[in-house]
Structure formats: structure tokens, C-alpha cells
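File shown: work_29.cif (mmCIF, C-alpha atoms).
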data_structure
#
loop_
_atom_site.label_atom_id
_atom_site.label_comp_id
_atom_site.auth_asym_id
_atom_site.auth_seq_id
_atom_site.Cartn_x
_atom_site.Cartn_y
_atom_site.Cartn_z
CA HIS U 975 0.00 0.00 0.00
CA HIS U 976 1.98 2.96 -1.27
CA HIS U 977 1.40 6.39 0.15
CA ARG U 978 1.05 8.59 -2.92
CA ARG U 979 2.82 11.90 -2.69
CA THR U 980 1.00 14.87 -4.10
CA LYS U 981 4.12 16.45 -5.53
CA PRO U 982 7.30 15.04 -7.04
CA LEU U 983 10.31 15.12 -4.76
CA PHE U 984 12.82 16.43 -7.19
CA ALA U 985 12.92 19.41 -9.51
CA ASN U 986 13.21 17.21 -12.58
CA GLY U 987 9.70 15.92 -11.84
CA GLY U 988 10.92 12.47 -10.93
CA TYR U 989 10.71 10.69 -7.63
CA SER U 990 14.36 9.78 -7.45
CA PRO U 991 17.64 11.47 -8.29
CA MET U 992 19.21 8.04 -8.81
CA THR U 993 19.93 6.22 -12.03
CA LYS U 994 18.13 2.94 -12.68
CA ASN U 995 21.17 0.78 -12.16
CA ASP U 996 21.78 2.00 -8.63
CA GLU U 997 21.54 -1.05 -6.42
CA LEU U 998 20.52 0.88 -3.32
CA ALA U 999 18.05 3.58 -4.20
CA ASN U 1000 18.58 6.21 -1.54
CA THR U 1001 15.46 8.25 -2.07
CA PRO U 1002 14.52 10.50 0.84
CA GLU U 1003 11.73 8.12 1.86
CA GLN U 1004 14.02 5.10 1.80
CA LEU U 1005 16.72 6.80 3.84
CA LEU U 1006 14.16 7.93 6.40
CA ALA U 1007 12.67 4.44 6.45
CA ARG U 1008 16.13 3.00 7.07
CA ALA U 1009 16.63 5.46 9.93
CA TYR U 1010 13.28 4.62 11.51
CA ALA U 1011 13.92 0.89 11.14
CA LEU U 1012 17.16 1.06 13.12
CA ARG U 1013 17.31 -0.97 16.29
CA SER U 1014 19.12 0.51 19.23
CA ASN U 1015 20.84 -2.84 19.73
CA ASP U 1016 22.57 -2.68 16.37
CA PRO U 1017 25.02 0.23 16.48
CA ASP U 1018 26.88 -0.86 13.34
CA GLU U 1019 23.75 -0.57 11.24
CA THR U 1020 23.21 2.95 12.56
CA LEU U 1021 26.77 4.00 11.82
CA LYS U 1022 26.63 2.55 8.32
CA LEU U 1023 23.41 4.36 7.47
CA TYR U 1024 24.73 7.72 8.58
CA ALA U 1025 28.06 7.21 6.86
CA ASP U 1026 26.16 6.46 3.62
CA TRP U 1027 23.96 9.47 4.15
CA ALA U 1028 26.35 12.16 5.44
CA GLU U 1029 27.01 13.99 2.18
CA THR U 1030 23.42 14.10 0.94
CA TYR U 1031 21.59 14.37 4.27
CA ASP U 1032 20.84 18.10 4.09
CA GLN U 1033 19.34 17.92 0.62
CA THR U 1034 17.32 14.83 1.52
CA MET U 1035 15.88 16.30 4.68
CA LEU U 1036 15.30 19.88 3.58
CA ASP U 1037 14.36 19.58 -0.10
CA GLY U 1038 13.14 16.01 -0.28
CA LEU U 1039 11.24 15.78 2.99
CA SER U 1040 10.60 19.39 4.04
CA TYR U 1041 12.14 18.82 7.45
CA ARG U 1042 11.04 21.79 9.46
CA SER U 1043 12.02 20.86 13.00
CA PRO U 1044 15.44 22.58 12.99
CA GLN U 1045 13.97 25.99 12.18
CA ARG U 1046 11.14 25.44 14.62
CA ILE U 1047 13.48 24.45 17.47
CA ALA U 1048 15.83 27.35 16.71
CA THR U 1049 12.89 29.74 16.93
CA LEU U 1050 11.82 28.20 20.25
CA ALA U 1051 15.38 28.56 21.53
CA ALA U 1052 15.48 32.22 20.50
CA MET U 1053 12.19 32.84 22.32
CA THR U 1054 13.25 30.92 25.44
CA GLU U 1055 16.75 32.36 25.82
CA ALA U 1056 17.24 36.12 25.61
CA ARG U 1057 21.04 36.03 25.39
CA ARG U 1058 22.91 35.02 22.25
CA ASP U 1059 26.39 34.37 23.66
CA VAL U 1060 25.25 31.40 25.74
CA ARG U 1061 26.95 28.02 25.38
CA VAL U 1062 24.78 25.74 23.27
CA LEU U 1063 25.13 22.01 22.61
CA ASP U 1064 23.30 20.44 19.69
CA VAL U 1065 22.58 16.88 20.85
CA GLY U 1066 22.60 14.40 17.97
CA CYS U 1067 23.60 17.24 15.67
CA GLY U 1068 24.19 15.18 12.53
CA THR U 1069 25.37 17.52 9.76
CA GLY U 1070 24.48 20.56 11.85
CA LEU U 1071 21.17 21.65 10.31
CA LEU U 1072 19.88 22.79 13.69
CA ALA U 1073 23.21 24.41 14.60
CA SER U 1074 23.00 26.33 11.32
CA SER U 1075 19.46 27.52 12.14
CA LEU U 1076 20.65 28.57 15.61
CA ARG U 1077 23.47 30.64 14.14
CA ALA U 1078 20.93 32.33 11.87
CA GLU U 1079 19.06 33.28 15.08
CA GLY U 1080 22.25 34.88 16.42
CA PHE U 1081 23.59 32.13 18.69
CA ASN U 1082 27.34 32.14 18.16
CA ARG U 1083 28.67 29.42 20.47
CA VAL U 1084 27.30 26.11 19.28
CA ASP U 1085 28.98 22.75 19.83
CA GLY U 1086 27.77 19.45 18.40
CA LEU U 1087 27.49 15.94 19.78
CA ASP U 1088 26.82 12.97 17.54
CA TYR U 1089 27.34 9.24 17.22
CA SER U 1090 28.46 9.45 13.59
CA ALA U 1091 31.94 10.72 12.76
CA PRO U 1092 31.12 11.36 9.05
CA MET U 1093 28.10 13.47 10.06
CA LEU U 1094 30.15 15.46 12.59
CA ALA U 1095 32.82 15.99 9.94
CA VAL U 1096 30.26 17.66 7.66
CA ALA U 1097 28.99 19.86 10.49
CA GLN U 1098 32.50 21.05 11.31
CA ARG U 1099 33.56 21.46 7.70
CA GLU U 1100 30.53 23.66 7.05
CA GLY U 1101 31.38 25.80 10.07
CA ARG U 1102 28.09 25.02 11.79
CA ILE U 1103 29.57 23.77 15.05
CA ASP U 1104 32.61 24.86 17.03
CA GLU U 1105 33.58 21.76 18.98
CA ALA U 1106 32.60 18.25 17.93
CA PHE U 1107 31.94 15.54 20.48
CA LEU U 1108 31.80 11.97 19.18
CA ARG U 1109 29.55 10.30 21.77
CA ASP U 1110 26.99 7.54 22.19
CA LEU U 1111 24.00 8.89 24.10
CA ASN U 1112 23.29 5.45 25.46
CA GLU U 1113 26.67 5.47 27.26
CA ARG U 1114 28.23 7.74 29.88
CA LEU U 1115 29.08 11.08 28.24
CA GLU U 1116 32.15 12.04 30.32
CA MET U 1117 31.84 15.70 29.43
CA GLY U 1118 31.95 17.57 32.71
CA ALA U 1119 29.06 19.11 34.63
CA GLU U 1120 27.06 22.28 34.13
CA CYS U 1121 29.01 23.36 31.06
CA TYR U 1122 26.09 24.41 28.81
CA ASP U 1123 23.31 26.96 29.10
CA LEU U 1124 21.20 25.39 26.39
CA LEU U 1125 20.81 21.90 24.97
CA VAL U 1126 18.91 21.58 21.70
CA SER U 1127 17.96 18.51 19.72
CA THR U 1128 15.88 17.48 16.72
CA GLY U 1129 15.37 14.00 15.33
CA THR U 1130 17.46 12.27 17.99
CA PHE U 1131 14.71 11.13 20.32
CA THR U 1132 13.11 8.92 17.72
CA HIS U 1133 12.81 5.30 16.56
CA GLY U 1134 15.77 3.09 17.41
CA HIS U 1135 18.17 5.85 18.40
CA VAL U 1136 18.38 6.61 22.10
CA GLU U 1137 16.64 5.59 25.26
CA ALA U 1138 15.15 7.99 27.78
CA ALA U 1139 17.85 6.80 30.21
CA CYS U 1140 20.12 9.44 28.62
CA LEU U 1141 18.07 12.30 30.08
CA PRO U 1142 19.81 12.53 33.49
CA GLU U 1143 23.22 12.49 31.77
CA LEU U 1144 22.14 15.30 29.46
CA LEU U 1145 20.62 17.42 32.21
CA ALA U 1146 23.88 17.12 34.13
CA LEU U 1147 25.51 19.13 31.31
CA LEU U 1148 23.16 22.06 31.92
CA VAL U 1149 23.64 24.92 34.35
CA PRO U 1150 20.76 25.41 36.80
CA TRP U 1151 17.85 27.14 35.01
CA GLY U 1152 19.34 26.04 31.68
CA HIS U 1153 16.98 24.57 29.07
CA LEU U 1154 16.68 21.44 26.98
CA ILE U 1155 14.65 22.23 23.85
CA CYS U 1156 13.96 19.24 21.64
CA THR U 1157 11.66 17.21 19.47
CA VAL U 1158 10.45 13.81 20.65
CA HIS U 1159 8.83 11.56 18.06
CA ARG U 1160 5.22 10.82 18.94
CA ASP U 1161 5.76 7.06 19.08
CA VAL U 1162 8.71 7.14 21.47
CA TRP U 1163 7.13 9.58 23.93
CA ASP U 1164 5.47 6.49 25.39
CA GLU U 1165 7.39 3.54 23.95
CA GLY U 1166 10.84 5.03 24.46
CA GLY U 1167 9.88 6.06 27.97
CA PHE U 1168 10.46 9.78 27.39
CA GLY U 1169 7.16 10.78 28.96
CA MET U 1170 7.91 8.67 32.03
CA GLY U 1171 11.55 9.76 32.15
CA LEU U 1172 10.63 13.44 32.16
CA GLN U 1173 7.86 12.80 34.65
CA ALA U 1174 10.36 11.14 37.00
CA LEU U 1175 12.76 14.08 36.69
CA THR U 1176 9.90 16.48 37.39
CA GLU U 1177 8.89 14.52 40.48
CA ALA U 1178 12.50 14.46 41.67
CA ARG U 1179 12.56 18.27 41.26
CA VAL U 1180 15.47 17.97 38.84
CA ALA U 1181 13.60 19.58 35.98
CA GLU U 1182 10.30 21.08 34.93
CA ILE U 1183 8.50 20.77 31.60
CA ARG U 1184 7.85 24.36 30.56
CA SER U 1185 5.95 23.57 27.38
CA ARG U 1186 5.03 20.63 25.19
CA GLU U 1187 3.33 21.11 21.88
CA ALA U 1188 2.29 18.55 19.30
CA ASP U 1189 3.18 19.44 15.73
CA ARG U 1190 4.49 18.10 12.46
CA LEU U 1191 8.17 17.21 12.24
CA PHE U 1192 8.00 17.28 8.43
CA ALA U 1193 5.89 19.81 6.60
CA ASP U 1194 4.16 17.07 4.59
CA ASP U 1195 3.08 14.99 7.61
CA ASP U 1196 -0.66 14.38 7.60
CA GLU U 1197 -0.91 14.95 11.35
CA PRO U 1198 1.32 15.97 14.27
CA SER U 1199 4.19 13.48 14.33
CA GLY U 1200 6.06 14.67 17.37
CA TRP U 1201 6.30 16.83 20.43
CA TYR U 1202 8.23 20.07 20.66
CA VAL U 1203 9.37 20.24 24.26
CA VAL U 1204 11.00 22.87 26.48
CA VAL U 1205 12.45 21.51 29.71
CA GLU U 1206 14.04 23.70 32.36
CA LYS U 1207 16.65 22.35 34.77
CA LEU U 1208 15.96 23.38 38.34
CA SER U 1209 18.59 24.57 40.78
CA SER U 1210 20.14 21.63 42.60
#

Would you put the structure from the file into C-alpha cells?
Amino acid sequence: HHHRRTKPLFANGGYSPMTKNDELANTPEQLLARAYALRSNDPDETLKLYADWAETYDQTMLDGLSYRSPQRIATLAAMTEARRDVRVLDVGCGTGLLASSLRAEGFNRVDGLDYSAPMLAVAQREGRIDEAFLRDLNERLEMGAECYDLLVSTGTFTHGHVEAACLPELLALLVPWGHLICTVHRDVWDEGGFGMGLQALTEARVAEIRSREADRLFADDDEPSGWYVVVEKLSS
């Protein structure tokens, strides 16, 4: 049962930029499907996908799939934080699309953390992030405490990527009253334990959910596909 798209993906009117003899057709939909099909217990598969995808990721996500979360999160960050010289960490930054949107909003100190070295390499090469941290969010981060004013993230809290168990580690990176502003895919809010994880942190008075709004992650989504969340870390 194929979901028919109302408009062609590519300017040439076709649905794929690939030639017929390409063994692996990496259309935007197929790449996204591969990403969503990842299992958190198979890190090699994840790394291979993102290595394959690093050089064409931006075009796929922005042109092919109308990925609007980075701009939306950058706008939220700009509304939440009045200063622009704060230390920002883009969590699961990939090629730095969100970091780029943040710089457009005037934030000038943006570091990136990601699990994929090829993706980080693109982000640094394009000048989107200052420092690059190659880290697995499902492991200990070993990055020091209270070193960021703002954590931002899009597309990381999604199918087969990270567990909600990473939340305490991430919040430890924030100064008191710092914010985590991120998207959480609708399906993993419950299944990935993000709702429960944030609830537990709220009850422990570690953090407070300041806002949570359902909206589309991609402009073409038929209905809200994720949550846009603003979490504030409380003073210890």
C-alpha cells in the first residue's frame, strides 16, 4: 500500500535522483525508512546508514522531505533564551542543520554531539559547530558538569536511536535554570519512555517541563508526528 505523494520530490519531476542501475536507491523516503527501522541494539547498522547518508543528508531532509524541526526548534530557543552568547550544545547534531538555524538566530557558540563521525565531519567542515563531540548517548558522556546553558535537539529522540535513560546524563551538562529544547517523536514519547523519564525528573525536582506542543516534524506529515518540548533544569 503505497502512500502517494501529491508532488514530485525532485525538480526534474521524478521521484528519485538516482539512475536505474543504482543497487541501493537512496530516495529520501528510503533513507528515512532506514533510519526509523534502526534498532538501538545494532550500532553498526546505525553508523553505516549515517556514513552512507552524510554527504546528501541536508538535501534529503530539507528539499526532499521538508524537514522543518530545525527551524522550529531554533525559533523556540530564541524565544526561550534572551542572550545570544550562551553556550549551546546540539545533541545528535548530525550535519548541523539545527546548529546552522541557531546561528541564523544569532547564537554564536554552538557545539555538536553525535554518534556518527562522518556526520560530525560535515557539520564542522561547514562551520556550523565549534567543537565536535563523538559520543553515544546510550553510554556515559564524560563531558563535565554544568558546562552548557542550552541543549537543543531534533530528530534524535526517535525510533531506534536513544533511550530515555540518557536524560539525566544530558541534564547534568546544563547549568541550573538552563533549558533542553527538543523534538520527541510521537511514538517514542510512550514507547521510548520519554514521557515517564521526564515525569520522573519532574517529580525528583530535577527539571520542569515548561511547554510541550504537538506538531508536524516534516511539513508534509498528515498529522502531528512529534512533540516540541521545552524543559528547564531546576537549581540543585

Of the candidates U:Phe1168, U:Gly1152, U:Glu1143, U:Val1204, which shows the shortest atom-to-atom distance to Arg1114 of chain U, using only C-alpha atoms?
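So, comparing all the options, the nearest one is U:Glu1143.
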
When the PyMOL selection byres ((chain U and resi 1073-1089) around 7) is applied to the file above, which residues end up in the set, as an mmCIF file with C-alpha atoms, in the frame of the given file?
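Done, and the output landed in result-v1.cif:
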data_model
loop_
_atom_site.group_PDB
_atom_site.id
_atom_site.type_symbol
_atom_site.label_atom_id
_atom_site.label_comp_id
_atom_site.auth_asym_id
_atom_site.auth_seq_id
_atom_site.Cartn_x
_atom_site.Cartn_y
_atom_site.Cartn_z
ATOM 1 C CA PRO U 1044 15.440 22.580 12.990
ATOM 2 C CA GLN U 1045 13.970 25.990 12.180
ATOM 3 C CA ALA U 1048 15.830 27.350 16.710
ATOM 4 C CA ALA U 1052 15.480 32.220 20.500
ATOM 5 C CA ARG U 1058 22.910 35.020 22.250
ATOM 6 C CA ASP U 1059 26.390 34.370 23.660
ATOM 7 C CA VAL U 1060 25.250 31.400 25.740
ATOM 8 C CA ARG U 1061 26.950 28.020 25.380
ATOM 9 C CA VAL U 1062 24.780 25.740 23.270
ATOM 10 C CA LEU U 1063 25.130 22.010 22.610
ATOM 11 C CA ASP U 1064 23.300 20.440 19.690
ATOM 12 C CA VAL U 1065 22.580 16.880 20.850
ATOM 13 C CA GLY U 1066 22.600 14.400 17.970
ATOM 14 C CA CYS U 1067 23.600 17.240 15.670
ATOM 15 C CA GLY U 1068 24.190 15.180 12.530
ATOM 16 C CA GLY U 1070 24.480 20.560 11.850
ATOM 17 C CA LEU U 1071 21.170 21.650 10.310
ATOM 18 C CA LEU U 1072 19.880 22.790 13.690
ATOM 19 C CA SER U 1090 28.460 9.450 13.590
ATOM 20 C CA ALA U 1091 31.940 10.720 12.760
ATOM 21 C CA LEU U 1094 30.150 15.460 12.590
ATOM 22 C CA ARG U 1102 28.090 25.020 11.790
ATOM 23 C CA ILE U 1103 29.570 23.770 15.050
ATOM 24 C CA ASP U 1104 32.610 24.860 17.030
ATOM 25 C CA GLU U 1105 33.580 21.760 18.980
ATOM 26 C CA ALA U 1106 32.600 18.250 17.930
ATOM 27 C CA PHE U 1107 31.940 15.540 20.480
ATOM 28 C CA LEU U 1108 31.800 11.970 19.180
ATOM 29 C CA ARG U 1109 29.550 10.300 21.770
ATOM 30 C CA ASP U 1110 26.990 7.540 22.190
#

Apply the PyMOL selection byres ((chain U and resi 1137-1140) around 8) to the structure shown and report the selected residues as a short mmCIF file (atom, residue, chain, number, x, y, z; two decimals) with C-alpha atoms, in the frame of the given file.
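Below is the file that was written, out-v9.cif:
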data_model
loop_
_atom_site.label_atom_id
_atom_site.label_comp_id
_atom_site.auth_asym_id
_atom_site.auth_seq_id
_atom_site.Cartn_x
_atom_site.Cartn_y
_atom_site.Cartn_z
CA LEU U 1111 24.00 8.89 24.10
CA ASN U 1112 23.29 5.45 25.46
CA GLU U 1113 26.67 5.47 27.26
CA PHE U 1131 14.71 11.13 20.32
CA HIS U 1135 18.17 5.85 18.40
CA VAL U 1136 18.38 6.61 22.10
CA LEU U 1141 18.07 12.30 30.08
CA PRO U 1142 19.81 12.53 33.49
CA GLU U 1143 23.22 12.49 31.77
CA LEU U 1144 22.14 15.30 29.46
CA GLY U 1166 10.84 5.03 24.46
CA GLY U 1167 9.88 6.06 27.97
CA PHE U 1168 10.46 9.78 27.39
CA GLY U 1171 11.55 9.76 32.15
#

Could you spell out the hits of the PyMOL selection byres ((chain U and resi 1206) around 6) on the shown file, as a PDB file with C-alpha atoms, keeping the file's coordinate frame?
ATOM      1  CA  TRP U1151      17.850  27.140  35.010  1.00  0.00           C
ATOM      2  CA  GLY U1152      19.340  26.040  31.680  1.00  0.00           C
ATOM      3  CA  HIS U1153      16.980  24.570  29.070  1.00  0.00           C
ATOM      4  CA  ALA U1181      13.600  19.580  35.980  1.00  0.00           C
ATOM      5  CA  GLU U1182      10.300  21.080  34.930  1.00  0.00           C
ATOM      6  CA  VAL U1205      12.450  21.510  29.710  1.00  0.00           C
ATOM      7  CA  LYS U1207      16.650  22.350  34.770  1.00  0.00           C
TER       8      LYS U1207
END

Nearest to Glu1187 of chain U by atom-to-atom distance, counting only C-alpha atoms, from U:Arg1046, U:Thr1130, U:Met1093, U:Val1162
U:Arg1046

Which residue, U:Leu1147, U:Ser1199, U:Val1126, U:Glu1165, has the smallest gap to Thr1049 of chain U when you use all atoms listed in the file?
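The answer is U:Val1126, which sits nearest to Thr1049 of chain U.
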
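Atom pair atom CA of Thr1054 of chain U / atom CA of Ile1155 of chain U has a distance of 8.9 Å (rounded to one decimal).
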
Closest of U:Leu1148, U:Gly1169, U:Glu1100, U:Ala1178 to Tyr1122 of chain U - atom-to-atom distances counting only C-alpha atoms:
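Among the listed residues, the smallest separation from Tyr1122 of chain U belongs to U:Leu1148.
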